[in-house]
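**Q** This is my_file_29.tsv (TSV, C-alpha atoms).
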chain	number	residue	atom	x	y	z
A	10	MET	CA	61.23	226.31	-29.02
A	11	ILE	CA	60.35	225.55	-32.63
A	12	TRP	CA	64.01	224.89	-33.46
A	13	LEU	CA	64.38	222.58	-30.45
A	14	THR	CA	61.23	220.66	-31.36
A	15	TRP	CA	62.42	220.27	-34.95
A	16	ARG	CA	65.82	218.96	-33.83
A	17	GLN	CA	64.11	216.33	-31.69
A	18	PHE	CA	61.70	215.41	-34.47
A	19	ARG	CA	63.79	215.67	-37.63
A	20	THR	CA	65.03	212.05	-37.73
A	21	GLN	CA	61.53	210.57	-37.62
A	22	ALA	CA	60.31	213.10	-40.17
A	23	ALA	CA	63.24	212.39	-42.51
A	24	VAL	CA	62.52	208.64	-42.45
A	25	VAL	CA	58.83	209.13	-43.23
A	26	PHE	CA	59.37	211.63	-46.04
A	27	ALA	CA	62.07	209.43	-47.57
A	28	ALA	CA	59.59	206.55	-47.61
A	29	VAL	CA	56.96	208.81	-49.21
A	30	ALA	CA	59.46	209.89	-51.88
A	31	ALA	CA	60.33	206.26	-52.63
A	32	LEU	CA	56.62	205.41	-52.93
A	33	ALA	CA	56.00	208.32	-55.29
A	34	ALA	CA	58.96	207.31	-57.47
A	35	ALA	CA	57.71	203.72	-57.67
A	36	LEU	CA	54.20	204.83	-58.65
A	37	ALA	CA	55.55	207.24	-61.26
A	38	VAL	CA	56.96	204.29	-63.19
A	39	THR	CA	53.60	202.68	-64.04
A	40	GLY	CA	51.19	205.60	-63.52
A	41	PRO	CA	51.48	207.16	-67.01
A	42	GLN	CA	50.98	203.78	-68.67
A	43	LEU	CA	47.77	203.22	-66.68
A	44	ALA	CA	46.51	206.69	-67.61
A	45	ASP	CA	47.16	206.01	-71.32
A	46	LEU	CA	45.28	202.73	-71.05
A	47	TYR	CA	42.29	204.52	-69.52
A	48	ARG	CA	42.20	207.07	-72.36
A	49	THR	CA	42.02	204.18	-74.79
A	50	ALA	CA	39.72	201.76	-72.96
A	51	GLY	CA	37.51	204.04	-70.85
A	52	SER	CA	35.35	202.26	-68.28
A	53	SER	CA	36.44	198.84	-69.62
A	54	LEU	CA	39.88	199.52	-68.14
A	55	VAL	CA	38.90	197.44	-65.10
A	56	ASP	CA	38.97	194.32	-67.31
A	57	GLN	CA	42.43	195.10	-68.73
A	58	VAL	CA	44.49	195.96	-65.64
A	59	SER	CA	47.40	193.57	-65.19
A	60	SER	CA	47.88	191.48	-62.06
A	61	SER	CA	50.93	193.53	-61.07
A	62	ASP	CA	48.92	196.76	-61.29
A	63	GLN	CA	46.17	195.13	-59.21
A	64	SER	CA	48.76	194.40	-56.54
A	65	VAL	CA	49.94	198.02	-56.65
A	66	TYR	CA	46.32	199.20	-56.36
A	67	TYR	CA	45.69	197.21	-53.18
A	68	ALA	CA	49.12	197.99	-51.76
A	69	GLY	CA	48.44	201.71	-52.23
A	70	LEU	CA	45.17	201.42	-50.35
A	71	LEU	CA	46.84	199.61	-47.46
A	72	ILE	CA	49.69	202.11	-47.27
A	73	VAL	CA	47.42	205.15	-47.19
A	74	LEU	CA	45.17	203.54	-44.58
A	75	ALA	CA	48.18	202.58	-42.45
A	76	VAL	CA	49.97	205.96	-42.46
A	77	PRO	CA	47.64	207.68	-39.93
A	78	ALA	CA	47.79	204.69	-37.59
A	79	VAL	CA	51.60	204.64	-37.72
A	80	ILE	CA	51.72	208.38	-37.09
A	81	GLY	CA	49.44	208.11	-34.08
A	82	MET	CA	51.43	205.23	-32.61
A	83	PHE	CA	55.00	206.40	-33.20
A	84	TRP	CA	54.64	210.20	-33.26
A	85	GLY	CA	51.63	211.00	-31.10
A	86	ALA	CA	51.70	208.46	-28.27
A	87	PRO	CA	55.37	208.97	-27.22
A	88	LEU	CA	55.25	212.77	-27.41
A	89	ILE	CA	54.30	213.29	-23.75
A	90	SER	CA	54.32	209.74	-22.35
A	91	ARG	CA	58.04	209.40	-23.03
A	92	GLU	CA	58.75	212.62	-21.09
A	93	GLN	CA	56.64	211.41	-18.18
A	94	GLU	CA	58.00	207.87	-18.23
A	95	THR	CA	61.64	209.00	-18.12
A	96	GLY	CA	61.00	211.91	-15.75
A	97	THR	CA	62.39	214.57	-18.10
A	98	HIS	CA	59.10	216.48	-17.95
A	99	TYR	CA	60.21	217.98	-14.65
A	100	LEU	CA	63.07	219.70	-16.47
A	101	ALA	CA	61.24	220.46	-19.73
A	102	TRP	CA	58.26	222.07	-18.01
A	103	ASN	CA	60.25	224.23	-15.59
A	104	GLN	CA	62.29	226.26	-18.07
A	105	GLY	CA	61.66	229.73	-19.38
A	106	VAL	CA	59.11	228.33	-21.89
A	107	THR	CA	55.66	227.84	-20.38
A	108	ARG	CA	53.91	224.49	-20.48
A	109	THR	CA	51.24	225.92	-22.78
A	110	ARG	CA	53.79	227.13	-25.31
A	111	TRP	CA	55.74	223.86	-25.04
A	112	LEU	CA	52.62	221.79	-25.74
A	113	ALA	CA	51.35	224.11	-28.47
A	114	THR	CA	54.67	223.99	-30.33
A	115	LYS	CA	54.93	220.23	-30.06
A	116	LEU	CA	51.34	219.70	-31.18
A	117	GLY	CA	51.46	222.27	-33.97
A	118	LEU	CA	54.67	221.08	-35.57
A	119	GLY	CA	53.83	217.40	-35.10
A	120	ALA	CA	50.30	217.69	-36.49
A	121	ALA	CA	51.46	219.78	-39.46
A	122	THR	CA	54.18	217.26	-40.32
A	123	ALA	CA	51.78	214.35	-39.89
A	124	MET	CA	49.17	215.91	-42.17
A	125	THR	CA	51.82	216.76	-44.77
A	126	ALA	CA	53.13	213.19	-44.83
A	127	ALA	CA	49.63	211.71	-45.09
A	128	GLY	CA	48.65	214.27	-47.73
A	129	LEU	CA	51.65	213.55	-49.95
A	130	THR	CA	51.06	209.80	-49.63
A	131	SER	CA	47.39	210.22	-50.52
A	132	LEU	CA	48.28	212.50	-53.44
A	133	ALA	CA	50.66	209.95	-54.95
A	134	VAL	CA	48.32	207.00	-54.52
A	135	SER	CA	45.21	208.93	-55.63
A	136	TRP	CA	47.02	210.10	-58.77
A	137	TRP	CA	48.11	206.57	-59.66
A	138	SER	CA	44.67	205.07	-58.93
A	139	SER	CA	42.64	207.83	-60.60
A	140	PRO	CA	42.26	205.98	-63.95
A	141	ILE	CA	40.83	202.95	-62.15
A	142	ASP	CA	38.59	205.12	-59.95
A	143	ARG	CA	37.24	206.98	-62.99
A	144	ALA	CA	36.63	203.71	-64.81
A	145	VAL	CA	34.66	202.31	-61.88
A	146	ASN	CA	32.67	205.52	-61.43
A	147	GLY	CA	31.99	205.52	-65.18
A	148	GLY	CA	30.23	202.16	-65.04
A	149	GLY	CA	33.08	199.66	-64.95
A	150	ALA	CA	32.51	196.41	-63.07
A	151	THR	CA	33.27	196.63	-59.33
A	152	ASP	CA	34.05	192.96	-58.84
A	153	THR	CA	37.73	193.73	-58.20
A	154	TYR	CA	37.97	197.45	-57.40
A	155	PHE	CA	36.24	199.75	-54.94
A	156	PRO	CA	33.87	202.58	-55.94
A	157	ARG	CA	35.02	206.04	-54.89
A	158	LEU	CA	32.46	206.27	-52.06
A	159	ASP	CA	33.12	202.79	-50.73
A	160	PRO	CA	34.32	203.03	-47.09
A	161	VAL	CA	37.72	201.58	-48.01
A	162	ALA	CA	38.41	203.87	-50.98
A	163	PHE	CA	36.85	206.93	-49.33
A	164	ALA	CA	39.32	206.75	-46.42
A	165	ALA	CA	42.29	206.45	-48.79
A	166	ARG	CA	41.61	209.24	-51.29
A	167	GLY	CA	41.84	213.02	-51.34
A	168	VAL	CA	42.13	214.97	-48.08
A	169	VAL	CA	40.54	212.28	-45.90
A	170	PRO	CA	43.90	210.69	-44.94
A	171	MET	CA	45.13	214.13	-43.81
A	172	ALA	CA	42.19	214.45	-41.43
A	173	TYR	CA	42.74	210.93	-40.15
A	174	ALA	CA	46.44	211.68	-39.60
A	175	ALA	CA	45.63	214.76	-37.52
A	176	PHE	CA	43.07	212.76	-35.55
A	177	ALA	CA	45.44	209.84	-34.94
A	178	PHE	CA	48.25	212.16	-33.85
A	179	VAL	CA	46.08	214.04	-31.34
A	180	LEU	CA	44.55	210.77	-30.14
A	181	GLY	CA	48.02	209.36	-29.48
A	182	VAL	CA	49.07	212.50	-27.58
A	183	ALA	CA	45.94	212.43	-25.43
A	184	LEU	CA	46.31	208.74	-24.60
A	185	GLY	CA	50.00	209.18	-23.83
A	186	LEU	CA	49.15	212.03	-21.44
A	187	VAL	CA	46.60	209.85	-19.64
A	188	ILE	CA	48.44	206.50	-19.63
A	189	ARG	CA	51.94	207.96	-19.05
A	190	ARG	CA	53.70	204.88	-20.42
A	191	THR	CA	54.90	204.72	-24.00
A	192	LEU	CA	54.22	201.14	-25.11
A	193	PRO	CA	50.73	200.86	-23.54
A	194	ALA	CA	49.86	204.24	-25.05
A	195	MET	CA	51.00	203.10	-28.50
A	196	ALA	CA	48.97	199.88	-28.29
A	197	THR	CA	45.87	201.71	-27.05
A	198	THR	CA	46.21	204.30	-29.81
A	199	PHE	CA	46.27	201.60	-32.47
A	200	ALA	CA	43.28	199.78	-30.95
A	201	LEU	CA	41.11	202.89	-30.65
A	202	TYR	CA	42.06	204.17	-34.10
A	203	ALA	CA	41.19	200.81	-35.66
A	204	ALA	CA	37.86	200.83	-33.80
A	205	VAL	CA	37.06	204.29	-35.16
A	206	GLN	CA	37.88	203.13	-38.70
A	207	VAL	CA	35.27	200.38	-38.29
A	208	VAL	CA	32.57	202.27	-36.37
A	209	VAL	CA	32.50	205.47	-38.46
A	210	PRO	CA	31.93	203.87	-41.92
A	211	MET	CA	29.47	201.27	-40.66
A	212	TRP	CA	27.24	203.29	-38.32
A	213	ILE	CA	28.00	207.02	-38.57
A	214	ARG	CA	29.05	208.15	-42.05
A	215	SER	CA	25.93	206.82	-43.77
A	216	ARG	CA	23.79	209.00	-41.45
A	217	LEU	CA	25.59	212.27	-42.15
A	218	ALA	CA	23.51	212.91	-45.27
A	219	ALA	CA	20.18	211.64	-46.53
A	220	ALA	CA	20.63	208.70	-48.89
A	221	ASP	CA	18.85	208.24	-52.21
A	222	ARG	CA	16.17	205.54	-52.16
A	223	THR	CA	15.59	203.54	-55.30
A	224	THR	CA	12.86	200.89	-55.62
A	225	VAL	CA	13.15	198.48	-58.53
A	226	PRO	CA	10.76	195.67	-59.52
A	227	ILE	CA	11.87	192.06	-59.36
A	228	GLU	CA	10.95	190.99	-62.87
A	229	PRO	CA	12.65	189.75	-66.04
A	230	ASP	CA	13.11	193.29	-67.39
A	231	GLY	CA	14.14	194.81	-64.05
A	232	ALA	CA	17.57	195.40	-62.55
A	233	PRO	CA	19.93	192.41	-62.26
A	234	ILE	CA	19.78	190.71	-58.85
A	235	SER	CA	22.05	188.35	-56.94
A	236	ILE	CA	21.11	185.62	-54.50
A	237	GLN	CA	23.78	185.93	-51.83
A	238	ASP	CA	24.66	185.13	-48.23
A	239	GLY	CA	23.52	181.52	-48.41
A	240	ALA	CA	20.22	182.38	-50.14
A	241	ARG	CA	19.30	184.72	-47.25
A	242	GLN	CA	19.70	187.98	-49.15
A	243	ILE	CA	18.71	189.47	-52.51
A	244	VAL	CA	21.00	192.19	-53.86
A	245	ALA	CA	19.99	194.44	-56.76
A	246	HIS	CA	22.69	195.88	-59.02
A	247	LEU	CA	21.82	199.39	-60.20
A	248	GLU	CA	23.87	200.05	-63.31
A	249	GLU	CA	22.34	203.52	-63.83
A	250	VAL	CA	24.15	204.85	-60.72
A	251	PRO	CA	27.76	203.73	-61.22
A	252	GLY	CA	30.11	204.21	-58.31
A	253	ALA	CA	27.33	204.64	-55.75
A	254	TRP	CA	27.86	203.49	-52.17
A	255	VAL	CA	24.96	201.15	-51.39
A	256	THR	CA	24.35	201.40	-47.65
A	257	SER	CA	21.42	198.98	-47.33
A	258	GLN	CA	18.93	196.92	-49.30
A	259	GLN	CA	15.68	195.22	-48.39
A	260	THR	CA	13.16	193.10	-50.28
A	261	LEU	CA	9.51	194.22	-50.23
A	262	ASN	CA	6.27	192.43	-50.99
A	263	ALA	CA	3.29	193.84	-52.90
A	264	ALA	CA	2.17	195.75	-49.80
A	265	GLY	CA	5.56	197.44	-49.45
A	266	GLN	CA	6.53	195.48	-46.33
A	267	PRO	CA	9.99	193.89	-45.83
A	268	VAL	CA	9.95	190.12	-46.35
A	269	PRO	CA	12.62	187.40	-46.08
A	270	VAL	CA	13.95	185.49	-49.06
A	271	PRO	CA	11.89	182.32	-49.76
A	272	SER	CA	13.55	179.02	-48.98
A	273	SER	CA	13.24	178.02	-52.64
A	274	PHE	CA	16.03	180.49	-53.44
A	275	ALA	CA	18.50	178.13	-51.77
A	276	ASP	CA	18.78	176.44	-55.16
A	277	LEU	CA	20.43	179.60	-56.53
A	278	PRO	CA	23.59	180.11	-54.42
A	279	GLY	CA	25.97	182.66	-55.85
A	280	TYR	CA	24.15	183.35	-59.14
A	281	ARG	CA	22.70	186.51	-60.61
A	282	VAL	CA	19.53	186.69	-62.68
A	283	GLY	CA	18.23	189.62	-64.69
A	284	PRO	CA	19.05	191.57	-67.86
A	285	ALA	CA	22.45	191.07	-69.39
A	286	HIS	CA	25.36	193.32	-68.42
A	287	PRO	CA	28.35	193.69	-70.80
A	288	ALA	CA	31.09	192.96	-68.26
A	289	ALA	CA	29.25	190.00	-66.77
A	290	ASP	CA	28.40	188.70	-70.25
A	291	ARG	CA	32.12	188.72	-71.10
A	292	ARG	CA	32.85	186.70	-67.98
A	293	LEU	CA	30.10	184.25	-68.92
A	294	ARG	CA	31.42	183.86	-72.46
A	295	ARG	CA	34.92	183.14	-71.16
A	296	ARG	CA	33.51	180.42	-68.91
A	297	SER	CA	31.29	179.11	-71.72
A	298	ARG	CA	34.35	178.12	-73.79
A	299	ARG	CA	35.10	175.27	-71.38
A	300	PRO	CA	34.10	171.79	-72.64
A	301	GLY	CA	30.62	170.75	-71.61
A	302	LEU	CA	29.31	174.27	-70.89
A	303	PRO	CA	26.55	175.89	-72.96
A	304	ALA	CA	27.29	179.03	-74.91
A	305	ALA	CA	26.02	182.36	-73.61
A	306	GLY	CA	23.59	182.65	-76.55
A	307	ASP	CA	21.87	179.39	-75.53
A	308	ILE	CA	20.43	180.97	-72.38
A	309	PRO	CA	16.76	181.98	-72.78
A	310	ALA	CA	16.25	185.69	-73.40
A	311	ARG	CA	13.54	185.90	-70.70
A	312	TRP	CA	16.14	185.39	-67.95
A	313	GLN	CA	19.80	186.05	-68.65
A	314	LEU	CA	22.34	184.36	-66.37
A	315	LEU	CA	25.08	186.79	-65.40
A	316	GLY	CA	27.49	184.28	-63.89
A	317	PRO	CA	28.79	183.76	-60.35
A	318	SER	CA	28.54	186.76	-58.06
A	319	MET	CA	32.12	187.89	-57.65
A	320	GLY	CA	31.47	191.18	-55.73
A	321	ARG	CA	32.96	191.56	-52.30
A	322	ASP	CA	31.14	188.49	-50.96
A	323	ARG	CA	34.44	186.68	-50.53
A	324	ALA	CA	33.17	184.69	-47.58
A	325	LEU	CA	30.78	182.79	-49.85
A	326	PRO	CA	32.02	179.50	-51.33
A	327	GLN	CA	32.37	179.83	-55.07
A	328	PRO	CA	30.14	177.33	-56.92
A	329	ARG	CA	31.81	174.67	-58.98
A	330	LEU	CA	31.49	175.45	-62.68
A	331	GLY	CA	30.02	172.53	-64.56
A	332	PRO	CA	27.00	171.44	-66.62
A	333	ASP	CA	24.95	170.72	-63.49
A	334	ARG	CA	25.41	174.22	-61.98
A	335	VAL	CA	25.40	176.64	-64.91
A	336	LEU	CA	21.72	177.00	-65.82
A	337	ARG	CA	19.63	177.61	-62.71
A	338	LEU	CA	16.94	180.11	-63.72
A	339	VAL	CA	13.91	181.52	-61.91
A	340	ASP	CA	10.87	181.82	-64.20
A	341	PRO	CA	8.73	183.53	-63.07
A	342	PRO	CA	9.86	185.23	-59.83
A	343	PRO	CA	7.90	184.33	-56.65
A	344	THR	CA	4.66	186.31	-56.36
A	345	ASP	CA	5.39	187.47	-52.78
A	346	LEU	CA	8.58	189.28	-53.90
A	347	THR	CA	7.80	192.31	-56.04
A	348	LYS	CA	10.30	195.09	-55.24
A	349	GLN	CA	13.83	195.68	-54.05
A	350	GLN	CA	14.55	198.94	-52.20
A	351	VAL	CA	18.13	200.26	-52.32
A	352	ARG	CA	19.60	203.09	-50.20
A	353	SER	CA	22.74	204.62	-51.67
A	354	ALA	CA	24.98	207.71	-51.67
A	355	THR	CA	26.46	209.17	-54.86
A	356	LEU	CA	29.49	211.30	-55.66
A	357	ASP	CA	27.54	214.49	-56.34
A	358	ARG	CA	26.46	214.75	-52.68
Could you show the structure in this file as structure tokens?
**A**
Amino acid sequence: MIWLTWRQFRTQAAVVFAAVAALAAALAVTGPQLADLYRTAGSSLVDQVSSSDQSVYYAGLLIVLAVPAVIGMFWGAPLISREQETGTHYLAWNQGVTRTRWLATKLGLGAATAMTAAGLTSLAVSWWSSPIDRAVNGGGATDTYFPRLDPVAFAARGVVPMAYAAFAFVLGVALGLVIRRTLPAMATTFALYAAVQVVVPMWIRSRLAAADRTTVPIEPDGAPISIQDGARQIVAHLEEVPGAWVTSQQTLNAAGQPVPVPSSFADLPGYRVGPAHPAADRRLRRRSRRPGLPAAGDIPARWQLLGPSMGRDRALPQPRLGPDRVLRLVDPPPTDLTKQQVRSATLDR
């Protein structure tokens, strides 16, 4: 039975493993160079990665995230639905091999192959991206790259893709058994798998372990803050916990109660205020070289402008850089805003 299953499955497996080998060979070309750059630059590597390597970084994430979905659609969903749709299950399930053994062999070999393919893909991409991941976790700016515990990077590193591949494969088999038609089963598998990838990081994973709570004062010597989401949200940037996954933030008043952002903060769209940060200061100095812009040293020491918030708030319109938009400082902070509470998860959990 194992030999028969392998003969039916070997073409699909050969295509996938050939693609994984091609991916590994492509990553092996630039991986050592990136590792050497990290040994030289350390956490500042994130500011020195070339645009081509950035494209490879994001492409690797997409490939690893897509492999389980492809496996569930093209390996899992047709496994039983194709037999039922064509009527060959009457012959396959009435031979000397019992239905239980037939299903166990199909599931075992398929799931093992799926996990192997996802694991090798994750190994290649994780190895190539490890210098960038270490730089971010070591305190490098996260404006362009994802921290290790970020929902996107977490699902594309280590053994997590293997677990997702096994889940997607079994999900496809179960849906194919229920729907009994190949194409609808494939479409439903993709839809449900995509829904799980959204629901689990947003509402489930953050509840699996108690998060660390950090409360920082909103004051000139406190943590840097950003005014984001159309002046409706204050975001604190905790540099002492690099690579942490921030699950939620809220602004508190002197009594410790959550309060909304005052309407006066609408004059500060997209800017950070607070102590200087080396990476942000470099960005500010690069922008300060443009004609008509003040130099970074001309900004008062009481409040240091850190430049436009470039995090993952891509939906926000980027402010136009010019003399009328560079210096917008808050001095002093509003009296009804005293603390920012941050809930986060760190790598040592």
**Q** Considering all atoms listed in the file, return as number ranges by chain whatever protein or nucleic-acid residues lie within 9 Å of region 203-209 of chain A, sequence-local ones (same chain, fewer than 6 positions apart) excluded.
**A** A: 78, 164, 215
**Q** With a distance cut-off of 12 Å and all atoms listed in the file, select the neighbouring residues of Ala200 (chain A), excluding the residue or stretch itself and same-chain residues fewer than 5 positions from it, and output the selection as a list in words.
**A**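 Residues meeting the cut-off are Ala78, Val79, Gly81, Met82, Ala177, Leu180, Gly181, Leu184, Pro193, Ala194, Met195, Val205, Gln206 and Val207 of chain A.
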**Q** Give as a VMD selection string each residue that has an atom at most 8 Å from (31.0, 206.7, -68.8) in the file, counting only C-alpha atoms.
**A** chain A and resid 51 to 52 144 146 to 148
**Q** Once you count only C-alpha atoms, which residues end up no further than 10 Å from (59.5, 216.8, -33.7) in the file's frame, shown as a ChimeraX atom specification?
**A** /A:11-22,84,88,114-120,122
**Q** Measuring atom to atom with all atoms listed in the file, identify which of A:Thr224, A:Thr107, A:Thr151, A:Gln93 is nearest to Ser53 (chain A).
**A** A:Thr151
**Q** How far is it from CA of Val179 (chain A) to CA of Val73 (chain A), in Å with one decimal?
**A**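 Atom-to-atom, CA of Val179 (chain A) to CA of Val73 (chain A), that is 18.2 Å.
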**Q** What does the distance between CA of Val168 (chain A) and CA of Ala28 (chain A) come to in Å, to one decimal place?
**A**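 Taking CA of Val168 (chain A) as the start and CA of Ala28 (chain A) as the end point, the length is 19.4 Å.
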**Q** Looking at A:Gly185, A:Pro271, A:Gly167, A:Gly149, which one is nearest to Tyr47 (chain A), with distances taken over only C-alpha atoms?
**A** A:Gly149
**Q** Find the residue from A:Val161, A:Val134, A:Ile213, A:Ala121 that sits nearest to Ala35 (chain A); use only C-alpha atoms when measuring.
**A**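 Going through A:Val161, A:Val134, A:Ile213, A:Ala121 one by one, the smallest distance to Ala35 (chain A) is for A:Val134.
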**Q** Which is closest to Pro77 (chain A) among A:Tyr173, A:Lys348, A:Leu158, A:Ala31, if we use only C-alpha atoms?
**A**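 The answer is A:Tyr173, which sits nearest to Pro77 (chain A).
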**Q** I need the residue nearest Phe199 (chain A) from this list: A:Ser139, A:Ala86, A:Gly69, A:Glu92. Use only C-alpha atoms for the distance.
**A** A:Ala86
